Amino acid sequence: MLPQTASWSCTGAIVVAMMFPIGGSGQEHRDIIASKFQEQLESVAARTPGVLGIYIIDLETDARFGVNEELVFPQASAIKVALLATLYALDEAGELSVDDAVTVRASDRAGGSGLLNHFGDGTSTMSLHDLTVPMIVLSDNMATNILVDQVGMESVNQFMRELGFPSIRFQRKMIRPEESVRGNENLAKPLEAASFMARILRCDLPISPARCDAMRHLLELRRPADSAPSQEPVPRNVRVASKYGSLTGVRTEWGAVDLPGRPYALAVMGNYSESGLVLEAIRDVARLSYEYFSRLAGATDHGVRVPPELLQPSDSLGGH
């Protein structure tokens, strides 16, 4: 017990400071911030009509945040990331080449987004690589369906199983409502989609760094705000790999943000709702995520922000 003295306010404080040095890891503070972030995510899910699934991974600490993350949701165009990765894996294995050329036929035309529907019948030839550009940047469904024929849906599903993501399943071509009625929907869990995006950001895939770099570059191209909600709140100098998907009553977003000092991956999916309301929920999650991780990026144990490179030199997650 400390002695009772008239000079307690000074001497006693010195003794306490010697016994319990001011400092610490700051973990208690970070736990409070993390708890608030989880509560914010739960609030977004609760106020969004229908069902919203969320999963977010802190790639610096491996901390996880989730709401309904184990539920399976329809994916719309976000599933195209799995097709893209499988194409590069098959190229790596020598089973096909991204330079292989195919002729664009009228029989491949599909509804929904895209430019290839306006191409002539048999008048154009495109490489598989060139088809991936409109598939990802413009979400071109015709380009996607041509690639599905070249890669094979079962090849995509097998590759996802090998990576440990069995819920990511490609079961129909784009814009096939009759297949959706039969239950042949393209599916994934938020947990697995975010984990997959984390592996893309880390280039932790069975493909060469050059192929991973090419794939990331394509996913990181900036797109219009209503087709890339995870890119919206992030400064343009920060790389964001993402893919958005939409169906009537459904919206999805897979993303990975290479924020210096605090990279993170996320997946947000909603169904049984109005499409516009789910899009707003995805935007809210994207904004809250960037705000949360930017508070942590470059923060000292006392919450003071300094250039991230001063804190802990770390290997890059991959670059161009």
# chains A, B, ... in the order shown; residues from 1 in each chain; ligands from 1
call {"tool": "select_by_dssp", "arguments": {"residues": "stretch 72-257 of chain A", "states": "strand (DSSP E)", "output": "list of chain:residue names"}}
result
A:Phe73, A:Pro74, A:Ala101, A:Val102, A:Thr103, A:Val104, A:Ser124, A:Thr125, A:Met126, A:Ser127, A:Leu187, A:Ala188, A:Val240, A:Ala241, A:Ser242, A:Lys243, A:Tyr244, A:Gly245, A:Ser246, A:Leu247, A:Val250, A:Arg251, A:Thr252, A:Glu253, A:Trp254, A:Gly255, A:Ala256, A:Val257
call {"tool": "write_last_selection", "arguments": {"atoms": "N, CA and C atoms", "output": "PDB file, in the first residue's frame"}}
result
ATOM      1  N   PHE A  73     -25.618 -16.948 -50.694  1.00  0.00           N
ATOM      2  CA  PHE A  73     -26.369 -15.942 -51.442  1.00  0.00           C
ATOM      3  C   PHE A  73     -26.153 -16.120 -52.947  1.00  0.00           C
ATOM      4  N   PRO A  74     -27.135 -15.710 -53.760  1.00  0.00           N
ATOM      5  CA  PRO A  74     -26.898 -15.635 -55.206  1.00  0.00           C
ATOM      6  C   PRO A  74     -25.899 -14.524 -55.505  1.00  0.00           C
ATOM      7  N   ALA A 101      -7.561 -17.569 -79.332  1.00  0.00           N
ATOM      8  CA  ALA A 101      -8.565 -16.701 -79.945  1.00  0.00           C
ATOM      9  C   ALA A 101      -9.856 -17.461 -80.228  1.00  0.00           C
ATOM     10  N   VAL A 102     -10.967 -16.763 -80.063  1.00  0.00           N
ATOM     11  CA  VAL A 102     -12.281 -17.327 -80.394  1.00  0.00           C
ATOM     12  C   VAL A 102     -13.037 -16.312 -81.243  1.00  0.00           C
ATOM     13  N   THR A 103     -13.929 -16.823 -82.075  1.00  0.00           N
ATOM     14  CA  THR A 103     -14.748 -15.967 -82.923  1.00  0.00           C
ATOM     15  C   THR A 103     -16.035 -15.606 -82.198  1.00  0.00           C
ATOM     16  N   VAL A 104     -16.388 -14.345 -82.252  1.00  0.00           N
ATOM     17  CA  VAL A 104     -17.602 -13.869 -81.594  1.00  0.00           C
ATOM     18  C   VAL A 104     -18.789 -14.162 -82.506  1.00  0.00           C
ATOM     19  N   SER A 124     -15.666 -10.824 -85.827  1.00  0.00           N
ATOM     20  CA  SER A 124     -14.595 -10.432 -84.905  1.00  0.00           C
ATOM     21  C   SER A 124     -14.021 -11.649 -84.198  1.00  0.00           C
ATOM     22  N   THR A 125     -12.721 -11.583 -83.952  1.00  0.00           N
ATOM     23  CA  THR A 125     -12.031 -12.609 -83.177  1.00  0.00           C
ATOM     24  C   THR A 125     -11.348 -11.932 -82.003  1.00  0.00           C
ATOM     25  N   MET A 126     -11.498 -12.538 -80.821  1.00  0.00           N
ATOM     26  CA  MET A 126     -10.913 -11.967 -79.616  1.00  0.00           C
ATOM     27  C   MET A 126     -10.175 -13.058 -78.848  1.00  0.00           C
ATOM     28  N   SER A 127      -9.065 -12.665 -78.205  1.00  0.00           N
ATOM     29  CA  SER A 127      -8.360 -13.609 -77.336  1.00  0.00           C
ATOM     30  C   SER A 127      -9.132 -13.760 -76.026  1.00  0.00           C
ATOM     31  N   LEU A 187     -23.554 -19.142 -56.752  1.00  0.00           N
ATOM     32  CA  LEU A 187     -23.680 -18.965 -55.306  1.00  0.00           C
ATOM     33  C   LEU A 187     -22.335 -18.754 -54.620  1.00  0.00           C
ATOM     34  N   ALA A 188     -22.406 -18.202 -53.401  1.00  0.00           N
ATOM     35  CA  ALA A 188     -21.224 -18.082 -52.537  1.00  0.00           C
ATOM     36  C   ALA A 188     -21.654 -17.615 -51.155  1.00  0.00           C
ATOM     37  N   VAL A 240      -7.849  -0.850 -55.308  1.00  0.00           N
ATOM     38  CA  VAL A 240      -9.022  -1.610 -54.848  1.00  0.00           C
ATOM     39  C   VAL A 240      -9.403  -2.608 -55.934  1.00  0.00           C
ATOM     40  N   ALA A 241      -9.265  -3.883 -55.640  1.00  0.00           N
ATOM     41  CA  ALA A 241      -9.716  -4.937 -56.548  1.00  0.00           C
ATOM     42  C   ALA A 241     -11.149  -5.287 -56.166  1.00  0.00           C
ATOM     43  N   SER A 242     -12.058  -5.273 -57.147  1.00  0.00           N
ATOM     44  CA  SER A 242     -13.452  -5.515 -56.780  1.00  0.00           C
ATOM     45  C   SER A 242     -14.269  -5.981 -57.966  1.00  0.00           C
ATOM     46  N   LYS A 243     -15.424  -6.561 -57.641  1.00  0.00           N
ATOM     47  CA  LYS A 243     -16.421  -6.911 -58.667  1.00  0.00           C
ATOM     48  C   LYS A 243     -17.798  -6.846 -58.028  1.00  0.00           C
ATOM     49  N   TYR A 244     -18.705  -6.187 -58.734  1.00  0.00           N
ATOM     50  CA  TYR A 244     -20.067  -5.950 -58.278  1.00  0.00           C
ATOM     51  C   TYR A 244     -21.024  -6.816 -59.082  1.00  0.00           C
ATOM     52  N   GLY A 245     -22.135  -7.188 -58.470  1.00  0.00           N
ATOM     53  CA  GLY A 245     -23.140  -7.970 -59.183  1.00  0.00           C
ATOM     54  C   GLY A 245     -24.543  -7.529 -58.827  1.00  0.00           C
ATOM     55  N   SER A 246     -25.470  -7.669 -59.774  1.00  0.00           N
ATOM     56  CA  SER A 246     -26.853  -7.275 -59.506  1.00  0.00           C
ATOM     57  C   SER A 246     -27.842  -8.155 -60.254  1.00  0.00           C
ATOM     58  N   LEU A 247     -28.900  -8.488 -59.565  1.00  0.00           N
ATOM     59  CA  LEU A 247     -30.085  -9.126 -60.117  1.00  0.00           C
ATOM     60  C   LEU A 247     -31.275  -8.428 -59.470  1.00  0.00           C
ATOM     61  N   VAL A 250     -31.403  -8.407 -55.698  1.00  0.00           N
ATOM     62  CA  VAL A 250     -30.113  -8.929 -55.218  1.00  0.00           C
ATOM     63  C   VAL A 250     -29.000  -7.955 -55.598  1.00  0.00           C
ATOM     64  N   ARG A 251     -28.057  -7.750 -54.679  1.00  0.00           N
ATOM     65  CA  ARG A 251     -26.822  -7.029 -54.972  1.00  0.00           C
ATOM     66  C   ARG A 251     -25.678  -7.716 -54.237  1.00  0.00           C
ATOM     67  N   THR A 252     -24.492  -7.706 -54.865  1.00  0.00           N
ATOM     68  CA  THR A 252     -23.316  -8.317 -54.252  1.00  0.00           C
ATOM     69  C   THR A 252     -22.084  -7.475 -54.566  1.00  0.00           C
ATOM     70  N   GLU A 253     -21.093  -7.582 -53.707  1.00  0.00           N
ATOM     71  CA  GLU A 253     -19.810  -6.911 -53.934  1.00  0.00           C
ATOM     72  C   GLU A 253     -18.706  -7.729 -53.291  1.00  0.00           C
ATOM     73  N   TRP A 254     -17.680  -8.065 -54.093  1.00  0.00           N
ATOM     74  CA  TRP A 254     -16.458  -8.686 -53.580  1.00  0.00           C
ATOM     75  C   TRP A 254     -15.347  -7.654 -53.733  1.00  0.00           C
ATOM     76  N   GLY A 255     -14.580  -7.417 -52.679  1.00  0.00           N
ATOM     77  CA  GLY A 255     -13.545  -6.398 -52.774  1.00  0.00           C
ATOM     78  C   GLY A 255     -12.324  -6.689 -51.918  1.00  0.00           C
ATOM     79  N   ALA A 256     -11.211  -6.066 -52.292  1.00  0.00           N
ATOM     80  CA  ALA A 256      -9.969  -6.131 -51.510  1.00  0.00           C
ATOM     81  C   ALA A 256      -9.268  -4.793 -51.672  1.00  0.00           C
ATOM     82  N   VAL A 257      -8.998  -4.143 -50.559  1.00  0.00           N
ATOM     83  CA  VAL A 257      -8.457  -2.784 -50.562  1.00  0.00           C
ATOM     84  C   VAL A 257      -7.024  -2.813 -50.045  1.00  0.00           C
TER      85      VAL A 257
END
call {"tool": "closest_atom_pairs", "arguments": {"of": "stretch 167-283 of chain A", "to": "stretch 152-160 of chain A", "cutoff": "7 Å", "atoms": "only C-alpha atoms", "output": "tab-separated table"}}
result
residue	atom	partner	partner_atom	distance
A:Ile168	CA	A:Met160	CA	6.4
A:Arg169	CA	A:Asn157	CA	5.4
A:Phe170	CA	A:Met153	CA	5.7
A:Gln171	CA	A:Met153	CA	6.6
call {"tool": "write_last_selection", "arguments": {"atoms": "C-alpha atoms", "output": "mmCIF file, in the first residue's frame"}}
result
data_model
loop_
_atom_site.group_PDB
_atom_site.id
_atom_site.type_symbol
_atom_site.label_atom_id
_atom_site.label_comp_id
_atom_site.auth_asym_id
_atom_site.auth_seq_id
_atom_site.Cartn_x
_atom_site.Cartn_y
_atom_site.Cartn_z
ATOM 1 C CA ILE A 168 -18.420 -20.551 -54.542
ATOM 2 C CA ARG A 169 -20.282 -22.385 -57.288
ATOM 3 C CA PHE A 170 -20.759 -21.491 -60.941
ATOM 4 C CA GLN A 171 -23.931 -23.260 -62.084
#
call {"tool": "residues_around", "arguments": {"residues": "A:Thr300", "least_positions_apart": "6", "cutoff": "9 Å", "atoms": "only C-alpha atoms", "output": "list in words"}}
result
Gly26, Val306 and Leu311 of chain A
call {"tool": "write_last_selection", "arguments": {"atoms": "C-alpha atoms", "output": "mmCIF file, in the first residue's frame"}}
result
data_model
loop_
_atom_site.group_PDB
_atom_site.id
_atom_site.type_symbol
_atom_site.label_atom_id
_atom_site.label_comp_id
_atom_site.auth_asym_id
_atom_site.auth_seq_id
_atom_site.Cartn_x
_atom_site.Cartn_y
_atom_site.Cartn_z
ATOM 1 C CA GLY A 26 -3.244 0.122 -26.765
ATOM 2 C CA VAL A 306 2.248 8.451 -38.508
ATOM 3 C CA LEU A 311 5.926 1.580 -37.787
#
call {"tool": "closest_residue", "arguments": {"among": "A:Gly112, A:Gly122, A:Pro206, A:Pro166", "to": "A:Leu87", "atoms": "only C-alpha atoms"}}
result
A:Pro206
call {"tool": "select_by_dssp", "arguments": {"residues": "stretch 168-253 of chain A", "states": "helix (DSSP H, G or I)", "output": "PyMOL selection string"}}
result
chain A and resi 177-181+190-202+209-220+225-227
call {"tool": "closest_residue", "arguments": {"among": "A:Arg223, A:Arg30, A:Arg176, A:His129", "to": "A:Tyr292", "atoms": "only C-alpha atoms"}}
result
A:Arg30
call {"tool": "residues_around", "arguments": {"residues": "A:Leu84", "least_positions_apart": "6", "cutoff": "9 Å", "atoms": "only C-alpha atoms", "output": "PyMOL selection string"}}
result
chain A and resi 132+135-136+147+156+215
call {"tool": "write_last_selection", "arguments": {"atoms": "C-alpha atoms", "output": "short mmCIF file (atom, residue, chain, number, x, y, z; two decimals), in the first residue's frame"}}
result
data_model
loop_
_atom_site.label_atom_id
_atom_site.label_comp_id
_atom_site.auth_asym_id
_atom_site.auth_seq_id
_atom_site.Cartn_x
_atom_site.Cartn_y
_atom_site.Cartn_z
CA THR A 132 -11.82 -10.75 -69.68
CA MET A 135 -16.26 -9.13 -68.58
CA ILE A 136 -14.76 -7.37 -65.56
CA LEU A 147 -15.38 -17.59 -71.46
CA VAL A 156 -14.34 -23.16 -61.90
CA MET A 215 -5.49 -10.37 -62.81
#
call {"tool": "atom_distance", "arguments": {"atom1": "atom CA of A:Leu128", "atom2": "atom CA of A:Ser97"}}
result
7.6 Å
call {"tool": "decode", "arguments": {"residues": "stretch 189-239 of chain A", "atoms": "N, CA and C atoms", "output": "CSV table (one decimal), in the first residue's frame"}}
result
chain,number,residue,atom,x,y,z
A,189,LYS,N,-20.8,-17.9,-50.2
A,189,LYS,CA,-21.0,-17.3,-48.8
A,189,LYS,C,-20.1,-16.0,-48.7
A,190,PRO,N,-20.5,-15.0,-48.0
A,190,PRO,CA,-19.7,-13.9,-47.7
A,190,PRO,C,-18.3,-14.3,-47.2
A,191,LEU,N,-18.3,-15.2,-46.3
A,191,LEU,CA,-17.0,-15.6,-45.6
A,191,LEU,C,-16.0,-16.1,-46.7
A,192,GLU,N,-16.5,-16.9,-47.6
A,192,GLU,CA,-15.6,-17.5,-48.6
A,192,GLU,C,-15.2,-16.5,-49.7
A,193,ALA,N,-16.2,-15.7,-50.1
A,193,ALA,CA,-15.9,-14.7,-51.1
A,193,ALA,C,-14.8,-13.7,-50.6
A,194,ALA,N,-15.0,-13.2,-49.4
A,194,ALA,CA,-14.0,-12.3,-48.8
A,194,ALA,C,-12.6,-13.0,-48.6
A,195,SER,N,-12.6,-14.2,-48.2
A,195,SER,CA,-11.4,-15.0,-48.0
A,195,SER,C,-10.7,-15.2,-49.4
A,196,PHE,N,-11.5,-15.4,-50.4
A,196,PHE,CA,-10.9,-15.5,-51.8
A,196,PHE,C,-10.3,-14.2,-52.2
A,197,MET,N,-11.0,-13.1,-52.0
A,197,MET,CA,-10.4,-11.8,-52.4
A,197,MET,C,-9.1,-11.5,-51.6
A,198,ALA,N,-9.1,-11.9,-50.4
A,198,ALA,CA,-7.8,-11.8,-49.6
A,198,ALA,C,-6.7,-12.5,-50.2
A,199,ARG,N,-6.9,-13.7,-50.7
A,199,ARG,CA,-5.9,-14.5,-51.4
A,199,ARG,C,-5.5,-13.8,-52.7
A,200,ILE,N,-6.4,-13.2,-53.4
A,200,ILE,CA,-6.0,-12.5,-54.6
A,200,ILE,C,-5.1,-11.3,-54.3
A,201,LEU,N,-5.5,-10.6,-53.2
A,201,LEU,CA,-4.7,-9.4,-52.9
A,201,LEU,C,-3.3,-9.8,-52.4
A,202,ARG,N,-3.2,-10.9,-51.8
A,202,ARG,CA,-1.9,-11.4,-51.3
A,202,ARG,C,-1.1,-12.2,-52.4
A,203,CYS,N,-1.8,-12.4,-53.5
A,203,CYS,CA,-1.3,-13.3,-54.6
A,203,CYS,C,-1.0,-14.7,-54.0
A,204,ASP,N,-1.8,-15.1,-53.1
A,204,ASP,CA,-1.7,-16.4,-52.5
A,204,ASP,C,-2.5,-17.4,-53.3
A,205,LEU,N,-2.2,-17.7,-54.6
A,205,LEU,CA,-2.9,-18.5,-55.5
A,205,LEU,C,-1.9,-19.4,-56.3
A,206,PRO,N,-2.3,-20.5,-56.8
A,206,PRO,CA,-1.3,-21.3,-57.5
A,206,PRO,C,-1.1,-20.8,-59.0
A,207,ILE,N,-0.8,-19.6,-59.1
A,207,ILE,CA,-0.4,-19.0,-60.3
A,207,ILE,C,0.8,-18.1,-60.1
A,208,SER,N,1.5,-17.8,-61.2
A,208,SER,CA,2.7,-17.0,-61.1
A,208,SER,C,2.4,-15.6,-60.7
A,209,PRO,N,3.5,-14.9,-60.1
A,209,PRO,CA,3.3,-13.5,-59.8
A,209,PRO,C,2.8,-12.6,-60.9
A,210,ALA,N,3.4,-12.9,-62.1
A,210,ALA,CA,3.0,-12.1,-63.3
A,210,ALA,C,1.5,-12.3,-63.7
A,211,ARG,N,1.0,-13.5,-63.6
A,211,ARG,CA,-0.4,-13.8,-63.9
A,211,ARG,C,-1.3,-13.1,-62.8
A,212,CYS,N,-0.8,-13.3,-61.5
A,212,CYS,CA,-1.6,-12.7,-60.4
A,212,CYS,C,-1.6,-11.2,-60.6
A,213,ASP,N,-0.5,-10.6,-61.0
A,213,ASP,CA,-0.4,-9.1,-61.2
A,213,ASP,C,-1.4,-8.7,-62.3
A,214,ALA,N,-1.5,-9.5,-63.4
A,214,ALA,CA,-2.3,-9.1,-64.5
A,214,ALA,C,-3.8,-9.2,-64.1
A,215,MET,N,-4.1,-10.2,-63.3
A,215,MET,CA,-5.5,-10.4,-62.8
A,215,MET,C,-5.9,-9.2,-61.9
A,216,ARG,N,-5.0,-8.9,-60.9
A,216,ARG,CA,-5.2,-7.8,-60.0
A,216,ARG,C,-5.4,-6.5,-60.7
A,217,HIS,N,-4.6,-6.2,-61.7
A,217,HIS,CA,-4.6,-5.0,-62.5
A,217,HIS,C,-6.0,-4.8,-63.1
A,218,LEU,N,-6.5,-5.9,-63.6
A,218,LEU,CA,-7.9,-5.9,-64.3
A,218,LEU,C,-8.9,-5.6,-63.2
A,219,LEU,N,-8.9,-6.2,-62.1
A,219,LEU,CA,-9.9,-6.0,-61.0
A,219,LEU,C,-9.8,-4.6,-60.4
A,220,GLU,N,-8.6,-4.0,-60.5
A,220,GLU,CA,-8.4,-2.7,-59.9
A,220,GLU,C,-8.7,-1.5,-60.8
A,221,LEU,N,-9.0,-1.8,-62.0
A,221,LEU,CA,-9.4,-0.7,-62.9
A,221,LEU,C,-10.6,0.0,-62.3
A,222,ARG,N,-10.6,1.4,-62.3
A,222,ARG,CA,-11.7,2.1,-61.7
A,222,ARG,C,-12.9,2.1,-62.6
A,223,ARG,N,-14.1,1.9,-62.0
A,223,ARG,CA,-15.3,1.8,-62.7
A,223,ARG,C,-16.3,2.8,-62.2
A,224,PRO,N,-17.4,3.0,-62.9
A,224,PRO,CA,-18.4,3.9,-62.5
A,224,PRO,C,-18.9,3.6,-61.1
A,225,ALA,N,-19.3,4.6,-60.3
A,225,ALA,CA,-19.6,4.5,-58.9
A,225,ALA,C,-20.7,3.4,-58.6
A,226,ASP,N,-21.7,3.4,-59.5
A,226,ASP,CA,-22.8,2.4,-59.2
A,226,ASP,C,-22.4,1.0,-59.6
A,227,SER,N,-21.2,0.8,-60.1
A,227,SER,CA,-20.8,-0.6,-60.4
A,227,SER,C,-19.5,-1.0,-59.6
A,228,ALA,N,-19.1,-0.2,-58.7
A,228,ALA,CA,-17.9,-0.5,-57.9
A,228,ALA,C,-18.0,0.2,-56.5
A,229,PRO,N,-19.0,-0.2,-55.7
A,229,PRO,CA,-19.2,0.5,-54.4
A,229,PRO,C,-18.1,0.4,-53.4
A,230,SER,N,-17.3,-0.6,-53.5
A,230,SER,CA,-16.1,-0.7,-52.6
A,230,SER,C,-15.0,0.2,-53.0
A,231,GLN,N,-15.0,0.7,-54.2
A,231,GLN,CA,-14.0,1.7,-54.6
A,231,GLN,C,-14.4,3.1,-54.3
A,232,GLU,N,-15.7,3.4,-54.1
A,232,GLU,CA,-16.2,4.7,-53.9
A,232,GLU,C,-15.6,5.5,-52.8
A,233,PRO,N,-15.5,5.0,-51.6
A,233,PRO,CA,-15.0,5.8,-50.5
A,233,PRO,C,-13.5,5.9,-50.4
A,234,VAL,N,-12.8,5.2,-51.3
A,234,VAL,CA,-11.3,5.0,-51.2
A,234,VAL,C,-10.6,6.0,-52.1
A,235,PRO,N,-9.6,6.7,-51.6
A,235,PRO,CA,-8.9,7.6,-52.5
A,235,PRO,C,-8.3,6.9,-53.7
A,236,ARG,N,-8.2,7.6,-54.9
A,236,ARG,CA,-7.9,7.0,-56.1
A,236,ARG,C,-6.5,6.4,-56.1
A,237,ASN,N,-5.6,6.9,-55.2
A,237,ASN,CA,-4.2,6.4,-55.2
A,237,ASN,C,-4.1,5.1,-54.4
A,238,VAL,N,-5.2,4.6,-53.8
A,238,VAL,CA,-5.2,3.3,-53.1
A,238,VAL,C,-5.9,2.3,-54.1
A,239,ARG,N,-5.2,1.2,-54.2
A,239,ARG,CA,-5.7,0.1,-55.2
A,239,ARG,C,-6.8,-0.7,-54.5
